[in-house]
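See structure below.
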Amino acid sequence: MRRGKRGPQQRRSQGPWIVDDDLWAVIEPLLPVRERPAGTPGRKPFDDRKALCGILFVLYTGIPWQWLPQELGFGCGMTCWRRLRDWYEVGVWQDLHEVLLAELRRTDRLDLERAVVDSTHLRALRGGPKTGRSPVDRGRPGSKHHLITDANGIPLAATVTGGNRNDVTQLEALVEAIPPIRGKRGKPRRRPKVVQADRGYDHDKYRKILHARGIRTQIARRGTAHGSGLGATRYVVEQTIALLHWFRRLRIRWERRADIHEAFLSLGCALICWRRLQKS
């Protein structure tokens, strides 16, 4: 028997923004508990799981908050926006990222022998903190995503700066942003053995800073011919940047508030880690 075509409503309700039971089992213990005394008048707080689906719908589709379809049952856009903000402030997205990194390390899917860094520019249409006149976009306001991954392209940390910040100035900050990764007996890992980068990070000052911390560097030199060979292993960070941009809300910075955009970025990194776990 021929199956009928699914309508737009059915397709939306089965999209990647639906939080399955396995992912919810990881996230729910990290959420803050809201105590509501018995007999308190007024409506009960909106369901956290449905609000998270609304947040993911905006992250995946890039739709404005006020256009969040009410028929999906994810609540109003402002409710989801508040949950995203509040959960970021108490560190839920960072905790989620660290839990998933620990699981990846426990199952030997995290390779911290080598880390790779890179950045990407995005336009900031509404301006705001952590934006700047971009030299690659005719001076328009923009931001940069700075990313460090392991040797397999798993995101370890990501930061946001103005579009006019030089990449090399963020090298030390990126390495410092790597959280303590548990998952095995002994002390958590925070430092890769080697950091790889392109010519944008070529500066002896920052090489010395990393070397002083016991981290070797493999950074292409400016003014030399292409063909350093780093591209054969450094491409993984570019793949991860492409995965982050698959979330439409991260292709362009629509948020004037930097914390809201950082919350989306942190959540995006955690979801990439979750997919790696699911693939295996």
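Quick note on naming: the chains in the structure tokens go A, B, ... in the order shown, residues restart at 1 in each chain, and ligands are numbered from 1 in order of appearance.
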* To do: With a distance cut-off of 12 Å and only C-alpha atoms, select the neighbouring residues of A:Asp86, excluding the residue or stretch itself and same-chain residues fewer than 2 positions from it, and output the selection as a PyMOL selection string.
  => chain A and resi 31-34+48+79-84+88-93+259-260+263
Got time to write the residues from that selection, N, CA and C atoms, as a short mmCIF file (atom, residue, chain, number, x, y, z; two decimals), in the first residue's frame?
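out_24.cif, written as the output of this step:
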data_model
loop_
_atom_site.label_atom_id
_atom_site.label_comp_id
_atom_site.auth_asym_id
_atom_site.auth_seq_id
_atom_site.Cartn_x
_atom_site.Cartn_y
_atom_site.Cartn_z
N LEU A 31 19.26 20.41 35.06
CA LEU A 31 18.40 21.59 35.11
C LEU A 31 18.13 21.99 36.56
N PRO A 32 18.06 23.29 36.83
CA PRO A 32 17.74 23.74 38.19
C PRO A 32 16.31 23.37 38.56
N VAL A 33 16.13 23.04 39.82
CA VAL A 33 14.80 22.67 40.32
C VAL A 33 14.07 23.93 40.76
N ARG A 34 12.88 24.11 40.23
CA ARG A 34 12.05 25.26 40.63
C ARG A 34 11.03 24.79 41.66
N ASP A 48 9.66 21.83 31.12
CA ASP A 48 11.03 22.08 30.69
C ASP A 48 11.37 21.37 29.39
N THR A 79 8.95 32.46 26.47
CA THR A 79 9.19 31.45 27.50
C THR A 79 10.46 30.66 27.20
N CYS A 80 10.61 30.23 25.95
CA CYS A 80 11.81 29.48 25.55
C CYS A 80 13.06 30.35 25.66
N TRP A 81 12.94 31.63 25.31
CA TRP A 81 14.09 32.54 25.40
C TRP A 81 14.54 32.68 26.86
N ARG A 82 13.59 32.79 27.76
CA ARG A 82 13.94 32.93 29.18
C ARG A 82 14.63 31.67 29.70
N ARG A 83 14.12 30.50 29.28
CA ARG A 83 14.76 29.25 29.74
C ARG A 83 16.18 29.16 29.20
N LEU A 84 16.40 29.52 27.93
CA LEU A 84 17.74 29.51 27.36
C LEU A 84 18.66 30.42 28.16
N TYR A 88 21.61 29.09 30.79
CA TYR A 88 22.99 29.48 30.48
C TYR A 88 23.64 30.13 31.70
N GLU A 89 22.89 30.96 32.39
CA GLU A 89 23.43 31.67 33.55
C GLU A 89 23.86 30.72 34.66
N VAL A 90 23.17 29.61 34.84
CA VAL A 90 23.54 28.66 35.89
C VAL A 90 24.46 27.55 35.37
N GLY A 91 24.87 27.65 34.10
CA GLY A 91 25.88 26.74 33.57
C GLY A 91 25.37 25.41 33.05
N VAL A 92 24.09 25.32 32.70
CA VAL A 92 23.54 24.04 32.25
C VAL A 92 24.20 23.58 30.96
N TRP A 93 24.37 24.47 29.99
CA TRP A 93 24.91 24.06 28.69
C TRP A 93 26.38 23.66 28.82
N ASP A 259 25.35 36.96 25.59
CA ASP A 259 25.15 35.73 26.36
C ASP A 259 24.16 34.79 25.67
N ILE A 260 23.16 35.34 24.98
CA ILE A 260 22.20 34.49 24.30
C ILE A 260 22.88 33.77 23.13
N ALA A 263 25.08 31.10 24.48
CA ALA A 263 24.29 29.94 24.91
C ALA A 263 23.99 29.03 23.73
#
* Would you mind writing down, as a PyMOL selection string, each residue of stretch 72-248 of chain A that DSSP on the backbone assigns to strand (DSSP E or B)? => chain A and resi 114-124+132-133+141-150+155-162+181+189+194-197+216-219
* Which of these residues is nearest to A:Ala258, using only C-alpha atoms: A:Ala212, A:Ile154, A:Ala173, A:Val160? -> A:Val160
* To do: Find the residues near stretch 189-204 of chain A: any atom within 9 Å, counting only C-alpha atoms, skip ones fewer than 6 places away on the same chain, and give them as a ChimeraX atom specification.
  => /A:111-118,150,166-171,175-182,210,213-223,230-231,233-234
Taking 5 positions as the minimum chain separation for residues in the same chain, which residues sit within 10 Å of A:Glu262 when counting only C-alpha atoms? Answer as a JSON list (two decimals) with C-alpha atoms, in the first residue's frame.
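Dumped to part34.json:
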[["chain", "number", "residue", "atom", "x", "y", "z"],
["A", 85, "ARG", "CA", 18.99, 32.58, 29.24],
["A", 88, "TYR", "CA", 22.99, 29.48, 30.48],
["A", 93, "TRP", "CA", 24.91, 24.06, 28.69],
["A", 145, "HIS", "CA", 33.52, 31.98, 16.57],
["A", 158, "ALA", "CA", 34.28, 27.66, 21.72],
["A", 159, "THR", "CA", 34.30, 31.40, 22.36],
["A", 160, "VAL", "CA", 32.84, 34.54, 20.77],
["A", 250, "LEU", "CA", 24.72, 30.18, 14.30],
["A", 255, "GLU", "CA", 21.08, 38.31, 19.07],
["A", 257, "ARG", "CA", 22.94, 40.12, 23.73],
["A", 267, "LEU", "CA", 24.42, 24.13, 23.07],
["A", 268, "GLY", "CA", 25.50, 23.51, 19.47]]
* Polymer residues at most 8 Å from A:Pro141, only C-alpha atoms, same-chain spacing of 4 or more positions, as a list in words -> Arg123, Ala124, Leu125, Gly127, Thr131, Gly132, Arg133, Ser134 and Gly163 of chain A
